[in-house]
Amino acid sequence: SIARNTQAKSVVGFEIVESAVDDARQNAAANGVDNAHFLCGDLAELLSTSDCREKFGRPNVAIIDPPRPGMHPQCVLDVVRLWPQRIVYVSCNPATQARDIRVLHERGGYRLVSLTPVDMFPHSPHVETVALLDRTS
């Protein structure tokens, strides 16, 4: 989130691990970043129960990096409801990424612009994939 700070009016980061949120806040403070906000909790719950769009506005870009099981089904629909122009979806499980991208396409009108595999773990069967989606409507 901090890395995207200079190109954005504001940045909102969601993380389920409290120590990671604390680290992000400390990192932002240490680097003089005052337009980044970090919320701790399960994204599926935060997006469905909070007024994120009203509080932070509609995002232009959503960068999503879910755990191996992929996005919670309600979370996918909540991202569609937020309606960002672009979505960058980073995944360590191409199968769940494909499942979620299909829903983003069918329910939100997003189209897959590019998909890039990144071999971060040589000599293992694991691969990260980075997908760029764009809203078509």
# chains A, B, ... in the order shown; residues from 1 in each chain; ligands from 1
>>> select_by_dssp(residues="chain A", states="strand (DSSP E)", output="PyMOL selection string")
chain A and resi 11-15+36-40+61-64+86-91+110-118+128-135
>>> write_last_selection(atoms="N, CA and C atoms", output="short mmCIF file (atom, residue, chain, number, x, y, z; two decimals), in the first residue's frame")
data_model
loop_
_atom_site.label_atom_id
_atom_site.label_comp_id
_atom_site.auth_asym_id
_atom_site.auth_seq_id
_atom_site.Cartn_x
_atom_site.Cartn_y
_atom_site.Cartn_z
N VAL A 11 -4.75 5.84 0.07
CA VAL A 11 -4.56 4.39 -0.02
C VAL A 11 -5.18 3.77 1.22
N VAL A 12 -5.94 2.71 1.02
CA VAL A 12 -6.55 1.99 2.14
C VAL A 12 -6.07 0.55 2.07
N GLY A 13 -5.48 0.08 3.15
CA GLY A 13 -4.99 -1.29 3.22
C GLY A 13 -5.82 -2.09 4.21
N PHE A 14 -6.15 -3.32 3.83
CA PHE A 14 -6.90 -4.23 4.70
C PHE A 14 -6.01 -5.43 4.97
N GLU A 15 -5.93 -5.84 6.22
CA GLU A 15 -5.10 -6.99 6.59
C GLU A 15 -5.71 -7.67 7.80
N ALA A 36 -2.40 7.24 3.95
CA ALA A 36 -2.62 5.80 3.94
C ALA A 36 -3.36 5.40 5.22
N HIS A 37 -4.37 4.57 5.06
CA HIS A 37 -5.19 4.10 6.17
C HIS A 37 -5.13 2.58 6.17
N PHE A 38 -5.01 1.99 7.34
CA PHE A 38 -4.91 0.54 7.45
C PHE A 38 -5.95 0.03 8.42
N LEU A 39 -6.74 -0.94 7.97
CA LEU A 39 -7.80 -1.52 8.78
C LEU A 39 -7.48 -2.98 9.04
N CYS A 40 -7.68 -3.41 10.28
CA CYS A 40 -7.41 -4.79 10.65
C CYS A 40 -8.73 -5.56 10.70
N VAL A 61 -8.39 1.82 -8.27
CA VAL A 61 -7.69 0.55 -8.42
C VAL A 61 -7.83 -0.23 -7.11
N ALA A 62 -8.11 -1.51 -7.22
CA ALA A 62 -8.09 -2.41 -6.07
C ALA A 62 -6.98 -3.43 -6.30
N ILE A 63 -6.06 -3.52 -5.35
CA ILE A 63 -5.00 -4.52 -5.41
C ILE A 63 -5.36 -5.59 -4.39
N ILE A 64 -5.56 -6.81 -4.88
CA ILE A 64 -6.08 -7.89 -4.04
C ILE A 64 -5.06 -9.02 -4.02
N ARG A 86 -10.03 -0.60 -12.18
CA ARG A 86 -9.08 -1.69 -12.41
C ARG A 86 -8.91 -2.52 -11.15
N ILE A 87 -8.61 -3.79 -11.37
CA ILE A 87 -8.29 -4.69 -10.28
C ILE A 87 -6.98 -5.39 -10.62
N VAL A 88 -6.04 -5.37 -9.69
CA VAL A 88 -4.82 -6.16 -9.79
C VAL A 88 -5.00 -7.29 -8.78
N TYR A 89 -5.03 -8.50 -9.27
CA TYR A 89 -5.30 -9.67 -8.43
C TYR A 89 -4.05 -10.54 -8.42
N VAL A 90 -3.39 -10.60 -7.27
CA VAL A 90 -2.19 -11.40 -7.07
C VAL A 90 -2.63 -12.69 -6.38
N SER A 91 -2.16 -13.82 -6.88
CA SER A 91 -2.61 -15.08 -6.30
C SER A 91 -1.50 -16.12 -6.26
N TYR A 110 -15.97 -7.16 -15.55
CA TYR A 110 -14.52 -6.99 -15.68
C TYR A 110 -13.98 -7.93 -16.73
N ARG A 111 -12.97 -7.46 -17.44
CA ARG A 111 -12.32 -8.31 -18.44
C ARG A 111 -10.86 -8.48 -18.06
N LEU A 112 -10.34 -9.64 -18.35
CA LEU A 112 -8.94 -9.95 -18.08
C LEU A 112 -8.09 -9.29 -19.15
N VAL A 113 -7.22 -8.37 -18.73
CA VAL A 113 -6.34 -7.65 -19.65
C VAL A 113 -5.03 -8.40 -19.81
N SER A 114 -4.47 -8.85 -18.69
CA SER A 114 -3.22 -9.60 -18.74
C SER A 114 -3.12 -10.53 -17.55
N LEU A 115 -2.35 -11.57 -17.72
CA LEU A 115 -2.09 -12.54 -16.66
C LEU A 115 -0.62 -12.92 -16.76
N THR A 116 0.12 -12.67 -15.68
CA THR A 116 1.56 -12.91 -15.69
C THR A 116 1.93 -13.89 -14.58
N PRO A 117 2.53 -15.03 -14.95
CA PRO A 117 3.02 -15.93 -13.91
C PRO A 117 4.38 -15.43 -13.42
N VAL A 118 4.61 -15.58 -12.11
CA VAL A 118 5.87 -15.17 -11.50
C VAL A 118 6.38 -16.34 -10.68
N GLU A 128 3.22 -17.74 -8.45
CA GLU A 128 2.33 -16.62 -8.19
C GLU A 128 1.84 -16.15 -9.56
N THR A 129 0.61 -15.67 -9.63
CA THR A 129 0.11 -15.09 -10.87
C THR A 129 -0.46 -13.71 -10.55
N VAL A 130 -0.22 -12.81 -11.47
CA VAL A 130 -0.71 -11.43 -11.32
C VAL A 130 -1.63 -11.15 -12.50
N ALA A 131 -2.88 -10.86 -12.18
CA ALA A 131 -3.89 -10.58 -13.20
C ALA A 131 -4.28 -9.11 -13.14
N LEU A 132 -4.41 -8.51 -14.31
CA LEU A 132 -4.94 -7.16 -14.42
C LEU A 132 -6.31 -7.26 -15.06
N LEU A 133 -7.31 -6.71 -14.37
CA LEU A 133 -8.68 -6.69 -14.89
C LEU A 133 -9.11 -5.23 -15.04
N ASP A 134 -9.93 -5.00 -16.04
CA ASP A 134 -10.44 -3.66 -16.31
C ASP A 134 -11.95 -3.74 -16.45
N ARG A 135 -12.62 -2.74 -15.94
CA ARG A 135 -14.08 -2.70 -16.04
C ARG A 135 -14.46 -2.35 -17.47
#
>>> residues_around(residues="Gly57 in chain A", least_positions_apart="5", cutoff="10 Å", atoms="only C-alpha atoms", output="list of chain:residue names")
A:Ser10, A:Asp51, A:Cys52, A:Leu82
>>> write_last_selection(atoms="all heavy atoms", output="PDB file, in the first residue's frame")
ATOM      1  N   SER A  10      -5.435   8.751  -1.903  1.00  0.00           N
ATOM      2  CA  SER A  10      -5.375   8.032  -0.632  1.00  0.00           C
ATOM      3  C   SER A  10      -5.259   6.541  -0.919  1.00  0.00           C
ATOM      4  O   SER A  10      -5.610   6.067  -1.993  1.00  0.00           O
ATOM      5  CB  SER A  10      -6.596   8.322   0.237  1.00  0.00           C
ATOM      6  OG  SER A  10      -7.740   7.714  -0.295  1.00  0.00           O
ATOM      7  N   ASP A  51     -18.986   0.927   5.992  1.00  0.00           N
ATOM      8  CA  ASP A  51     -19.316   1.883   4.932  1.00  0.00           C
ATOM      9  C   ASP A  51     -18.035   2.335   4.246  1.00  0.00           C
ATOM     10  O   ASP A  51     -17.784   3.525   4.114  1.00  0.00           O
ATOM     11  CB  ASP A  51     -20.084   3.059   5.518  1.00  0.00           C
ATOM     12  CG  ASP A  51     -19.314   3.759   6.641  1.00  0.00           C
ATOM     13  OD1 ASP A  51     -18.286   3.234   7.094  1.00  0.00           O
ATOM     14  OD2 ASP A  51     -19.748   4.846   7.037  1.00  0.00           O
ATOM     15  N   CYS A  52     -17.239   1.373   3.793  1.00  0.00           N
ATOM     16  CA  CYS A  52     -15.937   1.691   3.189  1.00  0.00           C
ATOM     17  C   CYS A  52     -16.069   2.668   2.023  1.00  0.00           C
ATOM     18  O   CYS A  52     -15.300   3.611   1.925  1.00  0.00           O
ATOM     19  CB  CYS A  52     -15.252   0.415   2.699  1.00  0.00           C
ATOM     20  SG  CYS A  52     -14.588  -0.577   4.017  1.00  0.00           S
ATOM     21  N   LEU A  82     -17.984  -2.191  -4.938  1.00  0.00           N
ATOM     22  CA  LEU A  82     -17.099  -1.014  -4.849  1.00  0.00           C
ATOM     23  C   LEU A  82     -16.798  -0.438  -6.228  1.00  0.00           C
ATOM     24  O   LEU A  82     -16.506   0.729  -6.364  1.00  0.00           O
ATOM     25  CB  LEU A  82     -15.790  -1.381  -4.145  1.00  0.00           C
ATOM     26  CG  LEU A  82     -15.868  -1.559  -2.647  1.00  0.00           C
ATOM     27  CD1 LEU A  82     -14.528  -2.086  -2.118  1.00  0.00           C
ATOM     28  CD2 LEU A  82     -16.245  -0.279  -1.948  1.00  0.00           C
TER      29      LEU A  82
END
>>> atom_distance(atom1="CA of Ile16 in chain A", atom2="CA of Asp42 in chain A")
5.2 Å
>>> residues_around(residues="range 95-109 of chain A", least_positions_apart="3", cutoff="6 Å", atoms="only C-alpha atoms", output="mmCIF file with C-alpha atoms, in the first residue's frame")
data_model
loop_
_atom_site.group_PDB
_atom_site.id
_atom_site.type_symbol
_atom_site.label_atom_id
_atom_site.label_comp_id
_atom_site.auth_asym_id
_atom_site.auth_seq_id
_atom_site.Cartn_x
_atom_site.Cartn_y
_atom_site.Cartn_z
ATOM 1 C CA GLY A 70 -9.025 -17.295 -2.823
ATOM 2 C CA VAL A 80 -17.879 -5.660 -7.551
ATOM 3 C CA ARG A 135 -14.082 -2.700 -16.036
ATOM 4 C CA THR A 136 -15.692 -2.907 -19.460
#
>>> select_by_dssp(residues="chain A", states="helix (DSSP H, G or I)", output="PyMOL selection string")
chain A and resi 2-7+18-30+43-49+52-56+73-82+94-108
>>> residues_around(residues="His72 in chain A", least_positions_apart="2", cutoff="10 Å", atoms="only C-alpha atoms", output="compact mmCIF listing (two decimals) with N, CA, C and O atoms, in the first residue's frame")
# COMPACT_ATOMS: atom_id res chain seq x y z
N ASP A 42 -11.00 -9.24 8.80
CA ASP A 42 -11.29 -10.07 7.64
C ASP A 42 -11.96 -9.20 6.59
O ASP A 42 -12.99 -8.56 6.85
N LEU A 43 -11.39 -9.16 5.41
CA LEU A 43 -11.91 -8.28 4.35
C LEU A 43 -13.37 -8.58 4.04
O LEU A 43 -14.15 -7.65 3.82
N ALA A 44 -13.75 -9.85 4.06
CA ALA A 44 -15.15 -10.19 3.78
C ALA A 44 -16.09 -9.53 4.78
O ALA A 44 -17.16 -9.06 4.41
N GLU A 45 -15.67 -9.45 6.02
CA GLU A 45 -16.50 -8.80 7.04
C GLU A 45 -16.40 -7.28 6.95
O GLU A 45 -17.41 -6.58 7.07
N PRO A 66 -5.34 -12.38 -1.95
CA PRO A 66 -6.01 -13.23 -0.95
C PRO A 66 -5.15 -14.43 -0.57
O PRO A 66 -4.16 -14.75 -1.25
N PRO A 67 -5.55 -15.14 0.49
CA PRO A 67 -4.87 -16.38 0.85
C PRO A 67 -5.14 -17.46 -0.20
O PRO A 67 -5.96 -17.28 -1.11
N PRO A 69 -6.95 -20.11 -0.47
CA PRO A 69 -8.32 -20.49 -0.87
C PRO A 69 -9.03 -19.45 -1.73
O PRO A 69 -10.16 -19.66 -2.15
N GLY A 70 -8.40 -18.33 -2.00
CA GLY A 70 -9.03 -17.30 -2.82
C GLY A 70 -9.91 -16.38 -2.00
O GLY A 70 -9.92 -16.41 -0.78
N GLN A 74 -18.59 -13.70 -0.77
CA GLN A 74 -19.21 -12.40 -0.48
C GLN A 74 -18.24 -11.26 -0.74
O GLN A 74 -18.62 -10.19 -1.20
N CYS A 75 -16.97 -11.50 -0.48
CA CYS A 75 -15.95 -10.48 -0.71
C CYS A 75 -15.85 -10.15 -2.21
O CYS A 75 -15.70 -8.98 -2.58
N VAL A 76 -15.93 -11.16 -3.05
CA VAL A 76 -15.89 -10.92 -4.50
C VAL A 76 -17.05 -9.99 -4.89
O VAL A 76 -16.86 -9.02 -5.63
N LEU A 77 -18.22 -10.27 -4.37
CA LEU A 77 -19.39 -9.44 -4.68
C LEU A 77 -19.24 -8.03 -4.11
O LEU A 77 -19.67 -7.05 -4.73
N ASP A 78 -18.61 -7.92 -2.94
CA ASP A 78 -18.38 -6.60 -2.35
C ASP A 78 -17.39 -5.79 -3.18
O ASP A 78 -17.54 -4.58 -3.32
N ASP A 100 -12.43 -16.75 -9.11
CA ASP A 100 -12.82 -15.40 -8.70
C ASP A 100 -12.89 -14.45 -9.90
O ASP A 100 -13.79 -13.61 -9.98
>>> closest_residue(among="A:Val17, A:Ala24, A:Met120, A:Ala29", to="Gly41 in chain A", atoms="only C-alpha atoms")
A:Val17
